There are 2 protein chains.
Amino acid sequence: MAKAPPIDKRRQILDAAIRVFARQGFHSTRVSDIADEAGVAYGLVYHYFKSKDEVLNELFIERWSLLLTAIDEADREGASPRAKLEAVAGFIVDSYRHDPELMKVIIVEVTRAANSFGRTHLPEIRRAYDSIAKIVADGQAAGVFRRDVDATFASMSFYGAIEQLLSGWIFAVIPAADSDFDQAKTLLVTTICDGLEPR
Amino acid sequence: MAKAPPIDKRRQILDAAIRVFARQGFHSTRVSDIADEAGVAYGLVYHYFKSKDEVLNELFIERWSLLLTAIDEADREGASPRAKLEAVAGFIVDSYRHDPELMKVIIVEVTRAANSFGRTHLPEIRRAYDSIAKIVADGQAAGVFRRDVDATFASMSFYGAIEQLLSGWIFAVIPAADSDFDQAKTLLVTTICDGLEPR
DNA sequence: AAACCGATTGACTGGTCAGTCAACCAGGGA
DNA sequence: TCCCTGGTTGACTGACCAGTCAATCGGTTT
């Protein structure tokens with residue numbers, strides 16, 4: 001009764017979509033490009049997904065939920081606020097290192113595409129901001145971070161800095177060697193946390 | 001011989017484009033929308049501009065060159081590196097305060113649209129990053145900023161933080177009252193510069 | 001073997017626009 | 001007055017593509 005292939009093909013299409021979206025961008029990707037890349041017939045994409053949009057949505061949700069989980073975990077397990085932020089930055093940087101194509105798609109087509117998909121997913125995106133802001137706020141409450149800096153602002157700056165670095169890597173504006181990734185993690189936390197320290 | 005109207009209509013079209021792009025986004029704006037908003041015939045847009053893309057290009061270049069000039073001026077006139085960065089952040093924040101629609105278009109459709117227009121304008125965008133990096137590097141050379149933080153990284157973080165705040169305002173993720181703008185300027189410089197101070 | 005059913009195929013359609021172009025208009029000069 | 005020129009008009013076309021759908025395939029059940 002239950003067959004094996006269905007999951008395979010669906011995954012195959014999603015993976016192909018990552019590659020094609022990363023290469024050409026969502027907008028200039030035809031559904032036929034995805035099908036070709038996946039080695040599958042055009043119509044099959046519509047068997048598994050309601051629309052081209054839904055393919056991207058699926059990719060985003062899959063990945064973003066991991067991020068949200070990671071942030072929450074960092075918050076729960078981290079010792080100091082600084083360690084928590086370090087874990088968050090680390091997770092995002094490692095995500096990029098591990099699967100740059102997927103992260104490129106997420107950032108370029110969703111997170112920064114505030115007019116199209118970003119708008120659709122604003123609530124989820126915002127949840128990440130909020131979780132980071134909570135870490136900062138807790139740090140302030142604990143007296144580890146200065147209080148004259150609004151936690152929401154700090155969280156936006158922190159996240160914005162991370163995303164900008166990823167964008168820099170994605171578009172080869174800044175070097176992306178392994179050492180750069182490690183340096184970036186340190187830098188982000190160092191700069192921002194030191195800046196957040198009480199004076 | 002020389003008539004008055006030509007400049008008028010061209011400007012009229014550009015201004016209309018700002019409004020429409022800000023409202024609907026570049027992609028879902030039809031050329032007819034621009035013409036309607038400008039109170040002008042469809043074909044006239046093509047009299048003044050080679051294509052729909054060129055309209056956006058024009059808007060971007062107009063504005064971005066102002067930014068580049070402002071950064072250079074800040075660099076030339078600013079006393080301390082901190083004052084220079086403050087001037088840069090201030091200029092960008094004020095740009096948004098002064099003409100939020102235009103800044104929304106610039107950021108959403110160009111600066112963050114790395115796959116489409118962002119790619120086209122990467123060189124100009126990069127010039128901004130570089131100028132900021134230079135300010136940081138000078139600060140390091142002068143011993144005002146710590147040296148263990150790569151200047152390029154710092155510049156990307158700084159710019160990324162600014163842009164993220166603007167995005168937050170644009171999409172109403174964070175409050176955008178006058179006091180928030182002022183607070184933001186301070187915050188950006190405080191956080192980042194303090195984080196960049198030698199330890 | 002025959003009926004069945006979900007997976008798979010790809011030709012086709014309907015709608016959407018960007019960009020073209022031939023005509024029109026206004027006013028300055030001969 | 002009549003032409004000329006450059007701004008202005010908007011109907012039209014050609015290309016493109018997302019999404020549909022009827023047909024086919026391959027394995028399972030009866």
# chains A, B, ... in the order shown; residues from 1 in each chain; ligands from 1

$ closest_atom_pairs --of "chain A" --to "chain C" --cutoff "7 Å" --atoms "only C-alpha atoms (C1' of nucleotides)" --output "CSV"
residue,atom,partner,partner_atom,distance
A:Ala41,CA,C:DT9,C1',5.9
A:Tyr42,CA,C:DG10,C1',6.9
A:Gly43,CA,C:DT9,C1',6.9
A:Leu44,CA,C:DT8,C1',6.5

$ write_last_selection --atoms "C-alpha atoms" --output "compact mmCIF listing (two decimals), in the first residue's frame"
# COMPACT_ATOMS: atom_id res chain seq x y z
CA ALA A 41 8.55 16.02 -15.60
CA TYR A 42 7.15 19.52 -15.46
CA GLY A 43 3.79 18.46 -14.14
CA LEU A 44 5.23 16.52 -11.24

$ calpha_fit_and_write --fixed "chain A" --moving "chain B" --output "PDB file with C-alpha atoms, in the first residue's frame"
ATOM      1  CA  MET B   1       0.125  -0.217  -0.162  1.00  0.00           C
ATOM      2  CA  ALA B   2       2.579   2.366   1.035  1.00  0.00           C
ATOM      3  CA  LYS B   3       5.198   3.014  -1.611  1.00  0.00           C
ATOM      4  CA  ALA B   4       8.715   4.344  -1.266  1.00  0.00           C
ATOM      5  CA  PRO B   5       9.115   6.790  -4.156  1.00  0.00           C
ATOM      6  CA  PRO B   6       6.800   9.677  -3.159  1.00  0.00           C
ATOM      7  CA  ILE B   7       9.100  11.070  -0.508  1.00  0.00           C
ATOM      8  CA  ASP B   8      12.106  10.690  -2.763  1.00  0.00           C
ATOM      9  CA  LYS B   9      10.770  12.722  -5.624  1.00  0.00           C
ATOM     10  CA  ARG B  10       9.459  15.467  -3.419  1.00  0.00           C
ATOM     11  CA  ARG B  11      12.842  15.848  -1.767  1.00  0.00           C
ATOM     12  CA  GLN B  12      14.509  15.650  -5.144  1.00  0.00           C
ATOM     13  CA  ILE B  13      12.430  18.570  -6.328  1.00  0.00           C
ATOM     14  CA  LEU B  14      13.166  20.624  -3.228  1.00  0.00           C
ATOM     15  CA  ASP B  15      16.888  20.012  -3.506  1.00  0.00           C
ATOM     16  CA  ALA B  16      16.853  20.873  -7.171  1.00  0.00           C
ATOM     17  CA  ALA B  17      14.959  24.050  -6.354  1.00  0.00           C
ATOM     18  CA  ILE B  18      17.645  25.109  -3.891  1.00  0.00           C
ATOM     19  CA  ARG B  19      20.285  24.787  -6.553  1.00  0.00           C
ATOM     20  CA  VAL B  20      18.307  26.565  -9.233  1.00  0.00           C
ATOM     21  CA  PHE B  21      17.040  29.353  -6.979  1.00  0.00           C
ATOM     22  CA  ALA B  22      20.574  29.914  -5.729  1.00  0.00           C
ATOM     23  CA  ARG B  23      21.910  30.047  -9.248  1.00  0.00           C
ATOM     24  CA  GLN B  24      19.279  32.161 -11.000  1.00  0.00           C
ATOM     25  CA  GLY B  25      17.194  33.671  -8.266  1.00  0.00           C
ATOM     26  CA  PHE B  26      13.573  32.800  -7.607  1.00  0.00           C
ATOM     27  CA  HIS B  27      12.113  35.254 -10.019  1.00  0.00           C
ATOM     28  CA  SER B  28      14.032  34.202 -13.077  1.00  0.00           C
ATOM     29  CA  THR B  29      13.620  30.532 -12.329  1.00  0.00           C
ATOM     30  CA  ARG B  30      10.987  28.820 -14.462  1.00  0.00           C
ATOM     31  CA  VAL B  31       9.181  25.889 -13.005  1.00  0.00           C
ATOM     32  CA  SER B  32      10.561  23.916 -15.928  1.00  0.00           C
ATOM     33  CA  ASP B  33      14.076  24.730 -14.700  1.00  0.00           C
ATOM     34  CA  ILE B  34      13.305  23.093 -11.387  1.00  0.00           C
ATOM     35  CA  ALA B  35      11.800  20.064 -13.075  1.00  0.00           C
ATOM     36  CA  ASP B  36      14.768  19.717 -15.419  1.00  0.00           C
ATOM     37  CA  GLU B  37      17.280  20.077 -12.611  1.00  0.00           C
ATOM     38  CA  ALA B  38      15.397  17.438 -10.639  1.00  0.00           C
ATOM     39  CA  GLY B  39      15.208  15.159 -13.646  1.00  0.00           C
ATOM     40  CA  VAL B  40      11.450  15.040 -13.369  1.00  0.00           C
ATOM     41  CA  ALA B  41       8.496  15.971 -15.536  1.00  0.00           C
ATOM     42  CA  TYR B  42       7.129  19.494 -15.407  1.00  0.00           C
ATOM     43  CA  GLY B  43       3.752  18.432 -14.103  1.00  0.00           C
ATOM     44  CA  LEU B  44       5.187  16.514 -11.185  1.00  0.00           C
ATOM     45  CA  VAL B  45       6.211  19.697  -9.468  1.00  0.00           C
ATOM     46  CA  TYR B  46       2.526  20.544  -9.323  1.00  0.00           C
ATOM     47  CA  HIS B  47       1.730  17.125  -7.997  1.00  0.00           C
ATOM     48  CA  TYR B  48       3.786  17.820  -4.894  1.00  0.00           C
ATOM     49  CA  PHE B  49       3.425  21.565  -4.619  1.00  0.00           C
ATOM     50  CA  LYS B  50       0.500  23.870  -5.112  1.00  0.00           C
ATOM     51  CA  SER B  51       2.583  26.499  -6.836  1.00  0.00           C
ATOM     52  CA  LYS B  52       6.098  27.703  -7.486  1.00  0.00           C
ATOM     53  CA  ASP B  53       5.764  29.918  -4.422  1.00  0.00           C
ATOM     54  CA  GLU B  54       4.995  26.948  -2.256  1.00  0.00           C
ATOM     55  CA  VAL B  55       8.303  25.368  -3.137  1.00  0.00           C
ATOM     56  CA  LEU B  56      10.168  28.367  -1.787  1.00  0.00           C
ATOM     57  CA  ASN B  57       7.897  28.596   1.225  1.00  0.00           C
ATOM     58  CA  GLU B  58       8.644  25.022   2.063  1.00  0.00           C
ATOM     59  CA  LEU B  59      12.385  25.593   1.850  1.00  0.00           C
ATOM     60  CA  PHE B  60      12.164  28.655   4.029  1.00  0.00           C
ATOM     61  CA  ILE B  61       9.975  27.134   6.693  1.00  0.00           C
ATOM     62  CA  GLU B  62      12.089  24.000   6.872  1.00  0.00           C
ATOM     63  CA  ARG B  63      15.204  26.021   7.512  1.00  0.00           C
ATOM     64  CA  TRP B  64      13.822  28.850   9.569  1.00  0.00           C
ATOM     65  CA  SER B  65      12.248  26.561  12.109  1.00  0.00           C
ATOM     66  CA  LEU B  66      15.685  25.105  12.699  1.00  0.00           C
ATOM     67  CA  LEU B  67      16.991  28.565  13.363  1.00  0.00           C
ATOM     68  CA  LEU B  68      14.195  29.374  15.779  1.00  0.00           C
ATOM     69  CA  THR B  69      14.839  26.137  17.612  1.00  0.00           C
ATOM     70  CA  ALA B  70      18.547  26.850  17.747  1.00  0.00           C
ATOM     71  CA  ILE B  71      17.972  30.288  19.215  1.00  0.00           C
ATOM     72  CA  ASP B  72      15.634  28.952  21.848  1.00  0.00           C
ATOM     73  CA  GLU B  73      18.079  26.232  22.718  1.00  0.00           C
ATOM     74  CA  ALA B  74      20.915  28.706  22.953  1.00  0.00           C
ATOM     75  CA  ASP B  75      18.786  30.755  25.275  1.00  0.00           C
ATOM     76  CA  ARG B  76      17.949  27.785  27.431  1.00  0.00           C
ATOM     77  CA  GLU B  77      21.390  26.273  27.612  1.00  0.00           C
ATOM     78  CA  GLY B  78      23.711  29.214  27.320  1.00  0.00           C
ATOM     79  CA  ALA B  79      25.441  30.315  30.465  1.00  0.00           C
ATOM     80  CA  SER B  80      26.036  34.014  29.907  1.00  0.00           C
ATOM     81  CA  PRO B  81      24.119  36.268  27.548  1.00  0.00           C
ATOM     82  CA  ARG B  82      27.319  36.615  25.621  1.00  0.00           C
ATOM     83  CA  ALA B  83      27.580  32.849  25.250  1.00  0.00           C
ATOM     84  CA  LYS B  84      23.987  32.778  24.063  1.00  0.00           C
ATOM     85  CA  LEU B  85      24.566  35.376  21.387  1.00  0.00           C
ATOM     86  CA  GLU B  86      27.724  33.569  20.412  1.00  0.00           C
ATOM     87  CA  ALA B  87      25.717  30.392  19.936  1.00  0.00           C
ATOM     88  CA  VAL B  88      23.194  32.199  17.762  1.00  0.00           C
ATOM     89  CA  ALA B  89      25.811  33.820  15.564  1.00  0.00           C
ATOM     90  CA  GLY B  90      27.649  30.529  15.412  1.00  0.00           C
ATOM     91  CA  PHE B  91      24.597  28.642  14.294  1.00  0.00           C
ATOM     92  CA  ILE B  92      23.846  31.038  11.484  1.00  0.00           C
ATOM     93  CA  VAL B  93      27.409  31.196  10.276  1.00  0.00           C
ATOM     94  CA  ASP B  94      27.676  27.421  10.395  1.00  0.00           C
ATOM     95  CA  SER B  95      24.409  27.099   8.516  1.00  0.00           C
ATOM     96  CA  TYR B  96      25.968  29.088   5.757  1.00  0.00           C
ATOM     97  CA  ARG B  97      29.173  27.141   5.846  1.00  0.00           C
ATOM     98  CA  HIS B  98      27.270  23.882   5.728  1.00  0.00           C
ATOM     99  CA  ASP B  99      24.829  24.750   2.967  1.00  0.00           C
ATOM    100  CA  PRO B 100      25.614  28.077   1.346  1.00  0.00           C
ATOM    101  CA  GLU B 101      23.152  27.595  -1.479  1.00  0.00           C
ATOM    102  CA  LEU B 102      20.195  27.126   0.833  1.00  0.00           C
ATOM    103  CA  MET B 103      21.195  30.049   3.002  1.00  0.00           C
ATOM    104  CA  LYS B 104      21.617  32.195  -0.053  1.00  0.00           C
ATOM    105  CA  VAL B 105      18.096  31.371  -1.112  1.00  0.00           C
ATOM    106  CA  ILE B 106      16.671  31.994   2.344  1.00  0.00           C
ATOM    107  CA  ILE B 107      18.362  35.338   2.742  1.00  0.00           C
ATOM    108  CA  VAL B 108      18.163  36.697  -0.755  1.00  0.00           C
ATOM    109  CA  GLU B 109      14.685  35.474  -1.613  1.00  0.00           C
ATOM    110  CA  VAL B 110      12.906  35.643   1.708  1.00  0.00           C
ATOM    111  CA  THR B 111      14.586  37.409   4.564  1.00  0.00           C
ATOM    112  CA  ARG B 112      15.737  40.353   2.476  1.00  0.00           C
ATOM    113  CA  ALA B 113      12.959  40.198  -0.074  1.00  0.00           C
ATOM    114  CA  ALA B 114      10.746  42.150   2.181  1.00  0.00           C
ATOM    115  CA  ASN B 115       8.278  43.014  -0.527  1.00  0.00           C
ATOM    116  CA  SER B 116       7.464  39.534  -1.689  1.00  0.00           C
ATOM    117  CA  PHE B 117       8.174  36.537   0.499  1.00  0.00           C
ATOM    118  CA  GLY B 118       9.615  38.457   3.335  1.00  0.00           C
ATOM    119  CA  ARG B 119       6.232  40.001   3.814  1.00  0.00           C
ATOM    120  CA  THR B 120       4.521  36.661   3.903  1.00  0.00           C
ATOM    121  CA  HIS B 121       6.919  35.344   6.481  1.00  0.00           C
ATOM    122  CA  LEU B 122       7.318  38.467   8.544  1.00  0.00           C
ATOM    123  CA  PRO B 123       5.816  36.809  11.628  1.00  0.00           C
ATOM    124  CA  GLU B 124       8.347  33.990  11.647  1.00  0.00           C
ATOM    125  CA  ILE B 125      11.214  36.325  10.875  1.00  0.00           C
ATOM    126  CA  ARG B 126      10.087  38.593  13.630  1.00  0.00           C
ATOM    127  CA  ARG B 127      10.051  35.716  16.062  1.00  0.00           C
ATOM    128  CA  ALA B 128      13.783  35.389  15.569  1.00  0.00           C
ATOM    129  CA  TYR B 129      14.315  39.070  16.261  1.00  0.00           C
ATOM    130  CA  ASP B 130      12.202  38.806  19.367  1.00  0.00           C
ATOM    131  CA  SER B 131      14.053  35.814  20.715  1.00  0.00           C
ATOM    132  CA  ILE B 132      17.343  37.586  20.283  1.00  0.00           C
ATOM    133  CA  ALA B 133      15.912  40.691  21.892  1.00  0.00           C
ATOM    134  CA  LYS B 134      14.873  38.569  24.837  1.00  0.00           C
ATOM    135  CA  ILE B 135      18.428  37.375  25.306  1.00  0.00           C
ATOM    136  CA  VAL B 136      19.620  40.958  25.300  1.00  0.00           C
ATOM    137  CA  ALA B 137      16.882  42.033  27.693  1.00  0.00           C
ATOM    138  CA  ASP B 138      17.782  39.252  30.091  1.00  0.00           C
ATOM    139  CA  GLY B 139      21.384  40.352  29.890  1.00  0.00           C
ATOM    140  CA  GLN B 140      20.321  43.846  30.787  1.00  0.00           C
ATOM    141  CA  ALA B 141      18.207  42.636  33.659  1.00  0.00           C
ATOM    142  CA  ALA B 142      21.203  40.695  34.928  1.00  0.00           C
ATOM    143  CA  GLY B 143      23.328  43.814  34.666  1.00  0.00           C
ATOM    144  CA  VAL B 144      25.657  42.259  32.138  1.00  0.00           C
ATOM    145  CA  PHE B 145      24.498  44.576  29.350  1.00  0.00           C
ATOM    146  CA  ARG B 146      23.990  48.286  29.604  1.00  0.00           C
ATOM    147  CA  ARG B 147      20.389  49.404  29.892  1.00  0.00           C
ATOM    148  CA  ASP B 148      20.475  52.583  27.889  1.00  0.00           C
ATOM    149  CA  VAL B 149      20.347  50.582  24.676  1.00  0.00           C
ATOM    150  CA  ASP B 150      16.918  49.363  23.653  1.00  0.00           C
ATOM    151  CA  ALA B 151      16.931  45.564  23.476  1.00  0.00           C
ATOM    152  CA  THR B 152      14.928  45.494  20.260  1.00  0.00           C
ATOM    153  CA  PHE B 153      17.348  47.893  18.608  1.00  0.00           C
ATOM    154  CA  ALA B 154      20.289  45.856  19.791  1.00  0.00           C
ATOM    155  CA  SER B 155      18.735  42.675  18.487  1.00  0.00           C
ATOM    156  CA  MET B 156      18.078  44.210  15.086  1.00  0.00           C
ATOM    157  CA  SER B 157      21.617  45.498  14.878  1.00  0.00           C
ATOM    158  CA  PHE B 158      23.023  42.159  15.872  1.00  0.00           C
ATOM    159  CA  TYR B 159      20.960  40.248  13.363  1.00  0.00           C
ATOM    160  CA  GLY B 160      21.533  42.869  10.685  1.00  0.00           C
ATOM    161  CA  ALA B 161      25.270  42.619  11.138  1.00  0.00           C
ATOM    162  CA  ILE B 162      25.164  38.845  10.755  1.00  0.00           C
ATOM    163  CA  GLU B 163      23.030  38.984   7.667  1.00  0.00           C
ATOM    164  CA  GLN B 164      25.215  41.606   6.110  1.00  0.00           C
ATOM    165  CA  LEU B 165      28.258  39.406   6.563  1.00  0.00           C
ATOM    166  CA  LEU B 166      26.438  36.494   4.979  1.00  0.00           C
ATOM    167  CA  SER B 167      25.422  38.734   2.102  1.00  0.00           C
ATOM    168  CA  GLY B 168      29.024  39.756   1.742  1.00  0.00           C
ATOM    169  CA  TRP B 169      30.029  36.138   1.432  1.00  0.00           C
ATOM    170  CA  ILE B 170      27.198  35.294  -0.872  1.00  0.00           C
ATOM    171  CA  PHE B 171      28.118  38.013  -3.305  1.00  0.00           C
ATOM    172  CA  ALA B 172      31.836  37.675  -2.868  1.00  0.00           C
ATOM    173  CA  VAL B 173      32.194  41.148  -1.481  1.00  0.00           C
ATOM    174  CA  ILE B 174      34.295  39.821   1.367  1.00  0.00           C
ATOM    175  CA  PRO B 175      36.539  36.750   1.481  1.00  0.00           C
ATOM    176  CA  ALA B 176      34.948  33.495   2.573  1.00  0.00           C
ATOM    177  CA  ALA B 177      37.637  31.124   3.746  1.00  0.00           C
ATOM    178  CA  ASP B 178      37.204  28.903   6.772  1.00  0.00           C
ATOM    179  CA  SER B 179      39.261  31.263   8.865  1.00  0.00           C
ATOM    180  CA  ASP B 180      36.962  34.114   7.863  1.00  0.00           C
ATOM    181  CA  PHE B 181      33.936  32.271   9.173  1.00  0.00           C
ATOM    182  CA  ASP B 182      35.579  31.710  12.527  1.00  0.00           C
ATOM    183  CA  GLN B 183      36.809  35.252  12.676  1.00  0.00           C
ATOM    184  CA  ALA B 184      33.327  36.486  11.861  1.00  0.00           C
ATOM    185  CA  LYS B 185      31.747  34.629  14.748  1.00  0.00           C
ATOM    186  CA  THR B 186      34.200  36.081  17.180  1.00  0.00           C
ATOM    187  CA  LEU B 187      33.986  39.516  15.699  1.00  0.00           C
ATOM    188  CA  LEU B 188      30.244  39.714  15.854  1.00  0.00           C
ATOM    189  CA  VAL B 189      30.068  38.763  19.461  1.00  0.00           C
ATOM    190  CA  THR B 190      33.124  40.705  20.475  1.00  0.00           C
ATOM    191  CA  THR B 191      32.051  43.909  18.810  1.00  0.00           C
ATOM    192  CA  ILE B 192      28.432  43.860  19.711  1.00  0.00           C
ATOM    193  CA  CYS B 193      28.756  42.445  23.202  1.00  0.00           C
ATOM    194  CA  ASP B 194      31.617  44.701  24.132  1.00  0.00           C
ATOM    195  CA  GLY B 195      29.566  47.575  22.813  1.00  0.00           C
ATOM    196  CA  LEU B 196      26.699  46.428  24.963  1.00  0.00           C
ATOM    197  CA  GLU B 197      28.755  46.208  28.136  1.00  0.00           C
ATOM    198  CA  PRO B 198      27.896  48.654  30.839  1.00  0.00           C
ATOM    199  CA  ARG B 199      30.054  51.758  30.910  1.00  0.00           C
TER     200      ARG B 199
END

$ select_by_dssp --residues "stretch 73-115 of chain B" --states "helix (DSSP H, G or I)" --output "short mmCIF file (atom, residue, chain, number, x, y, z; two decimals) with N, CA and C atoms, in the first residue's frame"
data_model
loop_
_atom_site.label_atom_id
_atom_site.label_comp_id
_atom_site.auth_asym_id
_atom_site.auth_seq_id
_atom_site.Cartn_x
_atom_site.Cartn_y
_atom_site.Cartn_z
N GLU B 73 32.55 63.19 2.60
CA GLU B 73 32.61 64.45 3.33
C GLU B 73 32.81 64.21 4.83
N ALA B 74 32.06 63.25 5.33
CA ALA B 74 32.19 62.91 6.75
C ALA B 74 33.62 62.53 7.05
N ASP B 75 34.21 61.79 6.15
CA ASP B 75 35.58 61.35 6.34
C ASP B 75 36.53 62.53 6.34
N ARG B 76 36.27 63.45 5.44
CA ARG B 76 37.16 64.60 5.30
C ARG B 76 37.03 65.55 6.48
N GLU B 77 35.79 65.78 6.88
CA GLU B 77 35.55 66.82 7.88
C GLU B 77 35.53 66.32 9.32
N PRO B 81 37.24 59.37 14.42
CA PRO B 81 36.59 58.29 13.66
C PRO B 81 35.16 58.08 14.15
N ARG B 82 34.98 58.21 15.43
CA ARG B 82 33.63 58.04 15.96
C ARG B 82 32.70 59.10 15.40
N ALA B 83 33.18 60.33 15.34
CA ALA B 83 32.36 61.42 14.79
C ALA B 83 32.04 61.15 13.32
N LYS B 84 33.01 60.58 12.62
CA LYS B 84 32.79 60.27 11.21
C LYS B 84 31.69 59.23 11.05
N LEU B 85 31.80 58.16 11.81
CA LEU B 85 30.77 57.12 11.72
C LEU B 85 29.41 57.67 12.13
N GLU B 86 29.44 58.55 13.12
CA GLU B 86 28.19 59.16 13.56
C GLU B 86 27.56 59.95 12.42
N ALA B 87 28.41 60.65 11.67
CA ALA B 87 27.90 61.44 10.55
C ALA B 87 27.30 60.53 9.49
N VAL B 88 27.94 59.41 9.24
CA VAL B 88 27.44 58.49 8.23
C VAL B 88 26.09 57.92 8.65
N ALA B 89 26.04 57.40 9.86
CA ALA B 89 24.77 56.85 10.36
C ALA B 89 23.70 57.93 10.35
N GLY B 90 24.10 59.12 10.78
CA GLY B 90 23.14 60.23 10.81
C GLY B 90 22.59 60.54 9.44
N PHE B 91 23.46 60.56 8.47
CA PHE B 91 23.01 60.88 7.11
C PHE B 91 21.99 59.87 6.61
N ILE B 92 22.28 58.61 6.83
CA ILE B 92 21.38 57.57 6.33
C ILE B 92 20.04 57.62 7.06
N VAL B 93 20.11 57.75 8.36
CA VAL B 93 18.86 57.83 9.12
C VAL B 93 18.05 59.05 8.70
N ASP B 94 18.73 60.17 8.54
CA ASP B 94 18.02 61.37 8.11
C ASP B 94 17.45 61.23 6.71
N SER B 95 18.17 60.54 5.85
CA SER B 95 17.65 60.29 4.51
C SER B 95 16.31 59.59 4.61
N TYR B 96 16.27 58.62 5.49
CA TYR B 96 15.01 57.90 5.65
C TYR B 96 13.94 58.79 6.22
N ARG B 97 14.30 59.56 7.22
CA ARG B 97 13.32 60.43 7.83
C ARG B 97 12.78 61.43 6.82
N HIS B 98 13.67 61.92 5.98
CA HIS B 98 13.28 62.94 5.01
C HIS B 98 12.45 62.39 3.85
N PRO B 100 11.13 58.69 3.25
CA PRO B 100 11.05 57.25 3.53
C PRO B 100 10.71 56.42 2.30
N GLU B 101 9.87 56.96 1.44
CA GLU B 101 9.48 56.17 0.27
C GLU B 101 10.68 55.89 -0.62
N LEU B 102 11.47 56.92 -0.88
CA LEU B 102 12.64 56.71 -1.73
C LEU B 102 13.62 55.74 -1.10
N MET B 103 13.85 55.91 0.20
CA MET B 103 14.79 55.00 0.86
C MET B 103 14.27 53.57 0.87
N LYS B 104 12.98 53.45 1.00
CA LYS B 104 12.40 52.11 0.95
C LYS B 104 12.70 51.46 -0.40
N VAL B 105 12.50 52.23 -1.44
CA VAL B 105 12.75 51.70 -2.78
C VAL B 105 14.22 51.33 -2.94
N ILE B 106 15.09 52.24 -2.54
CA ILE B 106 16.53 51.98 -2.68
C ILE B 106 16.92 50.70 -1.96
N ILE B 107 16.51 50.59 -0.72
CA ILE B 107 16.92 49.44 0.08
C ILE B 107 16.26 48.16 -0.37
N VAL B 108 14.95 48.21 -0.48
CA VAL B 108 14.22 46.98 -0.78
C VAL B 108 14.51 46.49 -2.21
N GLU B 109 14.55 47.42 -3.14
CA GLU B 109 14.65 47.01 -4.55
C GLU B 109 16.07 46.93 -5.08
N VAL B 110 16.99 47.61 -4.43
CA VAL B 110 18.35 47.58 -4.96
C VAL B 110 19.33 46.97 -3.97
N THR B 111 19.55 47.70 -2.90
CA THR B 111 20.56 47.31 -1.93
C THR B 111 20.39 45.89 -1.42
#

$ decode --residues "stretch 41-64 of chain A" --atoms "C-alpha atoms" --output "PDB file, in the first residue's frame"
ATOM      1  CA  ALA A  41       8.553  16.015 -15.596  1.00  0.00           C
ATOM      2  CA  TYR A  42       7.150  19.522 -15.458  1.00  0.00           C
ATOM      3  CA  GLY A  43       3.789  18.456 -14.138  1.00  0.00           C
ATOM      4  CA  LEU A  44       5.231  16.519 -11.235  1.00  0.00           C
ATOM      5  CA  VAL A  45       6.232  19.704  -9.508  1.00  0.00           C
ATOM      6  CA  TYR A  46       2.544  20.536  -9.347  1.00  0.00           C
ATOM      7  CA  HIS A  47       1.755  17.116  -8.035  1.00  0.00           C
ATOM      8  CA  TYR A  48       3.809  17.794  -4.942  1.00  0.00           C
ATOM      9  CA  PHE A  49       3.441  21.540  -4.643  1.00  0.00           C
ATOM     10  CA  LYS A  50       0.496  23.828  -5.133  1.00  0.00           C
ATOM     11  CA  SER A  51       2.596  26.472  -6.842  1.00  0.00           C
ATOM     12  CA  LYS A  52       6.095  27.690  -7.480  1.00  0.00           C
ATOM     13  CA  ASP A  53       5.745  29.899  -4.415  1.00  0.00           C
ATOM     14  CA  GLU A  54       4.982  26.923  -2.253  1.00  0.00           C
ATOM     15  CA  VAL A  55       8.302  25.348  -3.140  1.00  0.00           C
ATOM     16  CA  LEU A  56      10.160  28.350  -1.792  1.00  0.00           C
ATOM     17  CA  ASN A  57       7.884  28.570   1.238  1.00  0.00           C
ATOM     18  CA  GLU A  58       8.645  24.981   2.054  1.00  0.00           C
ATOM     19  CA  LEU A  59      12.385  25.573   1.845  1.00  0.00           C
ATOM     20  CA  PHE A  60      12.153  28.625   4.024  1.00  0.00           C
ATOM     21  CA  ILE A  61       9.957  27.093   6.705  1.00  0.00           C
ATOM     22  CA  GLU A  62      12.088  23.966   6.862  1.00  0.00           C
ATOM     23  CA  ARG A  63      15.203  25.986   7.529  1.00  0.00           C
ATOM     24  CA  TRP A  64      13.829  28.819   9.578  1.00  0.00           C
TER      25      TRP A  64
END
